[in-house]
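*Asks:* Dropping in entry_31.txt, with compact mmCIF, C-alpha atoms and all ligand atoms.
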# COMPACT_ATOMS: atom_id res chain seq x y z
CA MET B 1 114.17 -65.32 -13.69
CA GLN B 2 117.18 -67.62 -14.15
CA GLU B 3 118.33 -68.01 -10.55
CA ILE B 4 117.19 -67.56 -6.98
CA ARG B 5 119.33 -67.20 -3.85
CA VAL B 6 117.94 -68.52 -0.60
CA ARG B 7 119.31 -68.35 2.93
CA ALA B 8 118.84 -71.68 4.72
CA HIS B 9 118.77 -70.95 8.46
CA ALA B 10 119.84 -73.45 11.12
CA LYS B 11 117.62 -74.27 14.11
CA ILE B 12 118.16 -74.96 17.78
CA ASN B 13 115.86 -76.86 20.15
CA LEU B 14 115.07 -74.88 23.31
CA TYR B 15 113.24 -77.91 24.65
CA LEU B 16 113.19 -81.55 23.52
CA ASP B 17 111.40 -84.39 25.23
CA VAL B 18 110.72 -87.84 23.81
CA VAL B 19 107.19 -88.83 24.76
CA GLY B 20 106.90 -92.30 23.24
CA LYS B 21 108.01 -94.81 20.66
CA ARG B 22 105.90 -95.30 17.52
CA GLU B 23 105.08 -98.46 15.63
CA ASP B 24 107.05 -97.21 12.60
CA GLY B 25 110.22 -97.15 14.73
CA TYR B 26 110.31 -93.34 15.06
CA HIS B 27 109.74 -91.53 18.36
CA ASN B 28 107.07 -89.01 19.26
CA LEU B 29 108.61 -85.76 20.43
CA GLU B 30 107.57 -82.65 22.22
CA THR B 31 110.03 -80.01 21.13
CA ILE B 32 110.35 -76.24 20.85
CA PHE B 33 112.31 -75.15 17.79
CA HIS B 34 113.82 -71.73 17.17
CA SER B 35 115.44 -70.54 13.92
CA ILE B 36 118.78 -68.83 14.21
CA GLU B 37 120.61 -66.31 12.02
CA LEU B 38 123.44 -68.77 11.17
CA HIS B 39 122.68 -69.94 7.63
CA ASP B 40 123.94 -71.67 4.50
CA ASP B 41 123.57 -69.90 1.15
CA VAL B 42 121.69 -71.97 -1.42
CA ILE B 43 121.81 -70.73 -5.03
CA ILE B 44 119.41 -72.43 -7.43
CA ARG B 45 119.84 -71.91 -11.20
CA LYS B 46 118.01 -73.13 -14.25
CA GLN B 47 120.47 -75.08 -16.41
CA ARG B 48 120.22 -76.39 -19.98
CA THR B 49 121.41 -79.90 -19.10
CA LYS B 50 118.48 -81.97 -17.86
CA GLY B 51 118.52 -83.36 -14.33
CA ILE B 52 119.70 -82.04 -10.97
CA THR B 53 123.32 -81.07 -10.26
CA VAL B 54 124.50 -80.34 -6.71
CA TYR B 55 127.69 -78.40 -6.00
CA CYS B 56 129.05 -78.14 -2.43
CA GLU B 57 132.64 -77.65 -1.33
CA HIS B 58 132.16 -79.30 2.08
CA LEU B 59 133.66 -82.81 1.97
CA GLY B 60 131.13 -84.21 4.48
CA VAL B 61 128.19 -83.34 2.23
CA PRO B 62 127.21 -85.76 -0.55
CA ARG B 63 126.63 -84.27 -4.03
CA ASP B 64 124.46 -87.06 -5.35
CA SER B 65 120.91 -88.25 -4.62
CA ARG B 66 121.84 -88.70 -0.92
CA ASN B 67 121.93 -84.91 -0.56
CA LEU B 68 118.71 -83.64 1.02
CA ALA B 69 118.74 -80.60 -1.29
CA TYR B 70 118.92 -82.91 -4.32
CA ARG B 71 116.07 -85.01 -2.92
CA ALA B 72 113.96 -81.90 -2.34
CA ALA B 73 114.40 -80.78 -5.97
CA ASN B 74 113.66 -84.31 -7.19
CA LEU B 75 110.52 -84.50 -5.07
CA LEU B 76 109.15 -81.24 -6.51
CA SER B 77 110.09 -82.29 -10.03
CA ASP B 78 108.25 -85.63 -9.61
CA SER B 79 105.21 -83.87 -8.12
CA VAL B 80 104.74 -81.76 -11.27
CA GLY B 81 105.69 -84.45 -13.79
CA GLY B 82 109.27 -83.26 -14.42
CA ILE B 83 111.24 -80.00 -14.37
CA ASP B 84 114.13 -79.20 -16.74
CA GLY B 85 117.69 -78.79 -15.47
CA ILE B 86 118.36 -77.49 -11.95
CA ARG B 87 121.78 -76.59 -10.52
CA ILE B 88 122.00 -76.22 -6.74
CA GLU B 89 125.04 -74.56 -5.16
CA ILE B 90 125.35 -74.92 -1.38
CA HIS B 91 127.75 -72.68 0.56
CA LYS B 92 127.99 -74.31 3.99
CA ARG B 93 128.36 -72.40 7.23
CA ILE B 94 126.20 -74.66 9.38
CA PRO B 95 128.34 -77.50 10.78
CA VAL B 96 127.35 -80.92 9.40
CA ALA B 97 125.67 -83.63 11.55
CA ALA B 98 125.67 -81.16 14.45
CA GLY B 99 122.05 -81.06 15.66
CA LEU B 100 121.41 -77.79 13.81
CA ALA B 101 119.39 -79.30 10.92
CA GLY B 102 121.78 -78.12 8.21
CA GLY B 103 120.64 -80.72 5.68
CA SER B 104 116.96 -80.10 6.46
CA ALA B 105 117.50 -76.34 6.11
CA ASN B 106 119.06 -76.87 2.66
CA ALA B 107 116.08 -79.05 1.65
CA ALA B 108 113.65 -76.37 2.87
CA ALA B 109 115.54 -73.69 0.90
CA VAL B 110 115.33 -75.80 -2.27
CA LEU B 111 111.58 -76.47 -1.81
CA HIS B 112 110.99 -72.73 -1.32
CA GLY B 113 113.41 -71.64 -4.08
CA VAL B 114 112.43 -74.14 -6.80
CA ASN B 115 108.73 -73.42 -6.15
CA GLN B 116 109.38 -69.72 -6.85
CA LEU B 117 111.96 -70.07 -9.64
CA PHE B 118 109.75 -72.37 -11.71
CA ALA B 119 106.46 -70.73 -10.57
CA LEU B 120 105.07 -74.09 -9.47
CA GLY B 121 102.36 -72.55 -7.27
CA PHE B 122 102.65 -74.85 -4.23
CA THR B 123 101.30 -73.32 -1.02
CA GLN B 124 103.56 -73.10 2.04
CA GLU B 125 101.40 -75.74 3.72
CA ARG B 126 101.78 -78.16 0.77
CA LEU B 127 105.56 -77.60 0.70
CA MET B 128 105.66 -78.44 4.43
CA GLN B 129 103.69 -81.65 3.81
CA LEU B 130 106.06 -82.63 0.99
CA GLY B 131 109.07 -81.71 3.13
CA ALA B 132 108.02 -84.07 5.94
CA ALA B 133 108.78 -86.99 3.60
CA LEU B 134 112.41 -85.79 3.38
CA GLY B 135 113.08 -85.36 7.10
CA ALA B 136 111.35 -84.55 10.38
CA ASP B 137 113.00 -81.09 10.65
CA VAL B 138 112.21 -79.95 7.08
CA PRO B 139 108.68 -78.65 7.86
CA PHE B 140 110.04 -76.50 10.70
CA CYS B 141 112.88 -75.16 8.53
CA LEU B 142 110.22 -73.94 6.05
CA HIS B 143 108.02 -72.61 8.87
CA GLY B 144 110.82 -70.77 10.71
CA GLY B 145 110.70 -68.51 13.79
CA ALA B 146 109.63 -70.43 16.88
CA ALA B 147 107.27 -73.40 17.04
CA LEU B 148 106.13 -76.26 19.19
CA GLY B 149 106.72 -79.53 17.31
CA LEU B 150 104.76 -82.70 18.12
CA GLY B 151 104.68 -86.09 16.37
CA ILE B 152 108.14 -86.66 14.88
CA GLY B 153 108.55 -82.88 15.14
CA ASP B 154 106.47 -82.18 12.02
CA GLN B 155 103.15 -81.15 13.64
CA LEU B 156 103.84 -77.48 14.25
CA THR B 157 102.15 -74.74 16.26
CA ARG B 158 103.59 -71.25 15.91
CA LEU B 159 104.99 -69.62 19.07
CA PRO B 160 106.19 -66.01 19.42
CA ALA B 161 109.79 -65.81 18.18
CA LEU B 162 112.48 -64.14 20.28
CA SER B 163 113.84 -61.04 18.60
CA ASP B 164 117.65 -60.90 18.06
CA VAL B 165 118.56 -62.77 21.24
CA PRO B 166 122.36 -63.29 21.31
CA LEU B 167 123.55 -66.90 21.25
CA LEU B 168 126.91 -68.65 21.36
CA LEU B 169 127.32 -71.98 19.53
CA LEU B 170 130.14 -74.44 20.27
CA ASN B 171 130.81 -77.73 18.53
CA PRO B 172 133.62 -80.00 19.70
CA GLY B 173 133.97 -81.55 16.21
CA ILE B 174 132.12 -84.77 17.00
CA GLU B 175 129.63 -85.81 14.28
CA ILE B 176 126.67 -87.60 15.82
CA SER B 177 124.15 -89.82 14.04
CA THR B 178 120.63 -88.89 15.15
CA ALA B 179 119.40 -92.49 14.61
CA THR B 180 122.05 -93.92 16.98
CA VAL B 181 121.11 -91.45 19.73
CA PHE B 182 117.46 -92.50 19.59
CA GLN B 183 118.44 -96.20 19.65
CA LYS B 184 120.33 -95.62 22.92
CA LEU B 185 117.50 -93.76 24.59
CA ASN B 186 116.41 -95.31 27.88
CA PHE B 187 112.97 -94.12 28.97
CA SER B 188 113.58 -95.12 32.59
CA LEU B 189 116.05 -92.21 32.78
CA THR B 190 113.38 -89.62 32.05
CA THR B 191 112.69 -88.54 35.62
CA GLU B 192 113.61 -84.85 35.46
CA GLU B 193 110.91 -82.24 35.85
CA LYS B 194 109.74 -81.06 32.43
CA THR B 195 109.89 -77.36 31.58
CA GLY B 196 108.20 -77.21 28.14
CA ILE B 197 105.17 -75.32 29.37
CA ILE B 198 107.38 -72.83 31.27
CA ILE B 199 109.43 -72.13 28.13
CA ARG B 200 106.24 -71.55 26.14
CA THR B 201 105.09 -69.01 28.73
CA CYS B 202 108.52 -67.34 28.68
CA LEU B 203 108.39 -67.07 24.86
CA GLU B 204 104.94 -65.53 25.08
CA LYS B 205 106.26 -62.94 27.57
CA GLY B 206 109.55 -62.40 25.69
CA ASP B 207 111.32 -63.45 28.92
CA VAL B 208 114.81 -64.36 27.63
CA ILE B 209 116.26 -65.11 31.08
CA GLY B 210 113.33 -67.44 31.79
CA VAL B 211 113.94 -69.26 28.49
CA GLY B 212 117.62 -69.64 29.39
CA GLN B 213 116.83 -71.00 32.84
CA ASN B 214 114.39 -73.64 31.58
CA LEU B 215 116.23 -75.13 28.59
CA TYR B 216 115.84 -78.92 28.46
CA ASN B 217 116.91 -81.73 26.12
CA LEU B 218 116.36 -85.37 27.06
CA LEU B 219 118.84 -86.47 24.36
CA GLU B 220 121.65 -85.08 26.50
CA VAL B 221 121.32 -88.24 28.63
CA PRO B 222 122.42 -90.81 25.99
CA VAL B 223 124.83 -88.39 24.26
CA PHE B 224 126.61 -87.25 27.46
CA SER B 225 127.03 -90.85 28.63
CA GLU B 226 128.83 -91.70 25.37
CA TYR B 227 130.71 -88.40 25.01
CA PRO B 228 131.54 -86.97 28.47
CA GLU B 229 133.56 -84.24 26.74
CA ILE B 230 130.29 -82.72 25.45
CA ALA B 231 128.88 -82.74 29.00
CA ALA B 232 132.08 -81.06 30.21
CA LEU B 233 131.85 -78.42 27.46
CA LYS B 234 128.25 -77.63 28.43
CA ALA B 235 129.23 -77.44 32.12
CA GLU B 236 132.08 -75.02 31.34
CA LEU B 237 129.78 -72.91 29.16
CA SER B 238 127.00 -72.84 31.78
CA THR B 239 129.31 -71.42 34.44
CA GLN B 240 130.52 -68.46 32.37
CA THR B 241 129.25 -65.09 33.56
CA GLU B 242 126.49 -63.51 31.46
CA VAL B 243 125.17 -66.92 30.31
CA CYS B 244 121.39 -67.24 30.88
CA GLY B 245 121.49 -70.97 30.19
CA ALA B 246 123.14 -73.61 27.98
CA LEU B 247 121.91 -76.75 26.21
CA MET B 248 122.85 -79.33 23.60
CA SER B 249 120.81 -78.81 20.40
CA GLY B 250 118.87 -81.77 18.93
CA SER B 251 120.97 -84.92 18.96
CA GLY B 252 124.17 -82.89 19.34
CA ALA B 253 126.99 -82.34 19.42
CA THR B 254 126.48 -78.55 19.19
CA VAL B 255 126.01 -76.86 22.56
CA PHE B 256 124.52 -73.37 22.63
CA ALA B 257 124.16 -70.66 25.25
CA VAL B 258 121.51 -67.98 25.53
CA MET B 259 123.55 -64.88 26.36
CA GLN B 260 122.62 -61.71 28.23
CA ASN B 261 123.85 -59.44 25.41
CA GLY B 262 125.95 -59.38 22.24
CA GLY B 263 129.11 -58.19 24.01
CA ALA B 264 128.87 -61.10 26.44
CA ALA B 265 128.49 -63.51 23.51
CA ARG B 266 131.65 -62.13 21.86
CA ARG B 267 133.65 -62.25 25.12
CA CYS B 268 132.56 -65.82 25.74
CA ALA B 269 133.41 -66.74 22.11
CA SER B 270 136.97 -65.45 22.50
CA TYR B 271 137.33 -67.64 25.62
CA PHE B 272 136.18 -70.79 23.77
CA LYS B 273 137.44 -70.25 20.22
CA ASP B 274 140.69 -72.20 20.63
CA LYS B 275 139.09 -74.98 22.68
CA VAL B 276 136.54 -76.25 20.11
CA SER B 277 136.46 -76.90 16.37
CA PHE B 278 133.47 -74.61 15.74
CA CYS B 279 132.62 -71.49 17.71
CA THR B 280 130.33 -68.70 16.55
CA THR B 281 128.06 -66.00 17.89
CA THR B 282 124.65 -65.60 16.30
CA VAL B 283 121.14 -64.40 17.18
CA THR B 284 117.64 -65.85 17.02
CA SER B 285 115.93 -65.46 13.64
CA PRO B 286 112.24 -64.88 12.83
CA VAL B 287 112.53 -66.92 9.59
CA GLY B 288 113.78 -70.33 8.44
CA VAL B 289 114.29 -69.53 4.74
CA SER B 290 114.63 -66.13 3.08
CA VAL B 291 115.29 -65.04 -0.51
CA TYR B 292 118.13 -62.53 -0.81
P1 LIG N 301 119.26 -82.97 12.40
O1 LIG N 301 119.41 -82.00 13.53
O2 LIG N 301 118.09 -82.66 11.48
O3 LIG N 301 119.36 -84.40 12.77
P2 LIG N 301 121.95 -82.51 11.73
O4 LIG N 301 122.16 -81.03 11.80
O5 LIG N 301 122.36 -83.30 12.93
O6 LIG N 301 120.45 -82.73 11.41
P3 LIG N 301 122.88 -82.56 9.02
O7 LIG N 301 123.85 -81.42 8.98
O8 LIG N 301 121.56 -82.34 8.39
O9 LIG N 301 122.68 -83.09 10.51
O10 LIG N 301 123.63 -83.81 8.38
C1 LIG N 301 123.26 -85.15 8.64
C2 LIG N 301 123.80 -86.04 7.51
O11 LIG N 301 123.09 -85.72 6.31
C3 LIG N 301 125.27 -85.82 7.22
O12 LIG N 301 125.95 -86.98 7.54
C4 LIG N 301 125.36 -85.51 5.74
O13 LIG N 301 126.26 -86.37 5.06
C5 LIG N 301 123.96 -85.74 5.18
N1 LIG N 301 123.50 -84.68 4.27
C6 LIG N 301 122.73 -84.86 3.20
N2 LIG N 301 122.47 -83.70 2.59
C7 LIG N 301 123.07 -82.73 3.29
C8 LIG N 301 123.17 -81.32 3.16
N3 LIG N 301 122.58 -80.65 2.15
N4 LIG N 301 123.85 -80.64 4.10
C9 LIG N 301 124.43 -81.30 5.13
N5 LIG N 301 124.40 -82.64 5.29
C10 LIG N 301 123.73 -83.36 4.39
The structure given in the file should be rewritten as structure tokens.
*Replies:*
Amino acid sequence: MQEIRVRAHAKINLYLDVVGKREDGYHNLETIFHSIELHDDVIIRKQRTKGITVYCEHLGVPRDSRNLAYRAANLLSDSVGGIDGIRIEIHKRIPVAAGLAGGSANAAAVLHGVNQLFALGFTQERLMQLGAALGADVPFCLHGGAALGLGIGDQLTRLPALSDVPLLLLNPGIEISTATVFQKLNFSLTTEEKTGIIIRTCLEKGDVIGVGQNLYNLLEVPVFSEYPEIAALKAELSTQTEVCGALMSGSGATVFAVMQNGGAARRCASYFKDKVSFCTTTVTSPVGVSVY
């Protein structure tokens, strides 16, 4: 085998609460992740030239050792005492720095793909442990489907995934640094009633409307105070007919809606498409990475 093609699926957070600050500067989270069908294509090839080459047309994505996909390949290579040349081609569809874990998904795809292409024999669990060193969302991107994430989001418990639930994603074109959002977090603002346990029950019952009604993300507080236009976008989305609920994903700026059906998602998309820089319909996915 000379090449492997891997779909790197984005994620949304149906629930995200920050439950404490850690001594290492990170925060402990309680979050519920769900993979979505929106994905980047990651093509990994063996190449004669030694080293790792990254190719990506998107100008906001670095092609050097800052790229999470590069770092994933490097990490695997170091763990086995060196791998010959690897070329990684990334075709981006997931908006960058948008709260959808695009970089982490690419890293997960490379861990999965390089492991298979070079028959390295790492277990899924070991890849997830290695991935945690690259970024808090990488283990979930390998895990896929739906999961409760504790710790920095890397301690995962599988939850039942929603099957093909229609979603609408809107991004106003604001790139947000996750680190800055956490720095601005003020714990005294965390007075709202928490709905994590309700969402878990809704997932177990396959109750899509219940999931939509109980979406929650504490990070909306610091992000909306800095960018009121994102709050306004969410408010406009929430009041559309056939929307079960809307939320900002991760540290933003993408806002998503759980929709009643695919037709509703398409109708809502045509209403928003000229108002935002990124607008797409998608559905929930049972997997985070898949070879195609
Ligand atoms: P998260 O939700 O995990 O915080 P995000 O979706 O907000 O992630 P990413 O799309 O992963 O953000 O991008 C964050 C930063 O990482 C960008 O500024 C980008 O330059 C950098 N980056 C490094 N590698 C990649 C990659 N393969 N794809 C996208 N961005 C990357």
*Asks:* Tell me, as a PyMOL selection string, which residues lie within 6 Å of Ala109 in chain B, counting all atoms listed in the file; anything in the same chain fewer than 4 positions away does not count.
*Replies:* chain B and resi 6+8+113+289
*Asks:* Mind giving me the straight-line distance from CA of Pro166 in chain B to CA of Ile90 in chain B in Å, one decimal?
*Replies:*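 Separation of CA of Pro166 in chain B and CA of Ile90 in chain B: 25.7 Å.
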*Asks:* Which protein, DNA or RNA residues have an atom within 8 Å of ligand LIG 301 (chain N), counting all atoms listed in the file, as a ChimeraX atom specification?
*Replies:* /B:10-11,60-63,66-70,90,92,94-107,135-138,175-178,249-252
*Asks:* State, in Å with one decimal place, the distance from CA of His39 in chain B to CA of Gly82 in chain B.
*Replies:*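 Result for CA of His39 in chain B versus CA of Gly82 in chain B: 29.0 Å, one decimal.
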*Asks:* Compile the contact shell of Ser270 in chain B as a list of chain:residue names: residues with an atom at most 12 Å away, counting only C-alpha atoms, same-chain residues fewer than 4 positions apart removed.
*Replies:*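 Near Ser270 in chain B, the qualifying residues are B:Leu168, B:Leu170, B:Gly263, B:Ala264, B:Ala265, B:Arg266, B:Asp274, B:Lys275, B:Val276, B:Phe278, B:Cys279, B:Thr280, B:Thr281.
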*Asks:* In Å, with one decimal, what is the gap from CA of Gly245 in chain B to CA of Val223 in chain B?
*Replies:*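 We find that CA of Gly245 in chain B and CA of Val223 in chain B lie 18.7 Å from each other.
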*Asks:* Given all atoms listed in the file as the basis, pick out the residue of B:Leu167, B:Val211, B:Leu130, B:Leu76 nearest to Leu14 in chain B.
*Replies:*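 For Leu14 in chain B, the nearest of the candidates is B:Val211.
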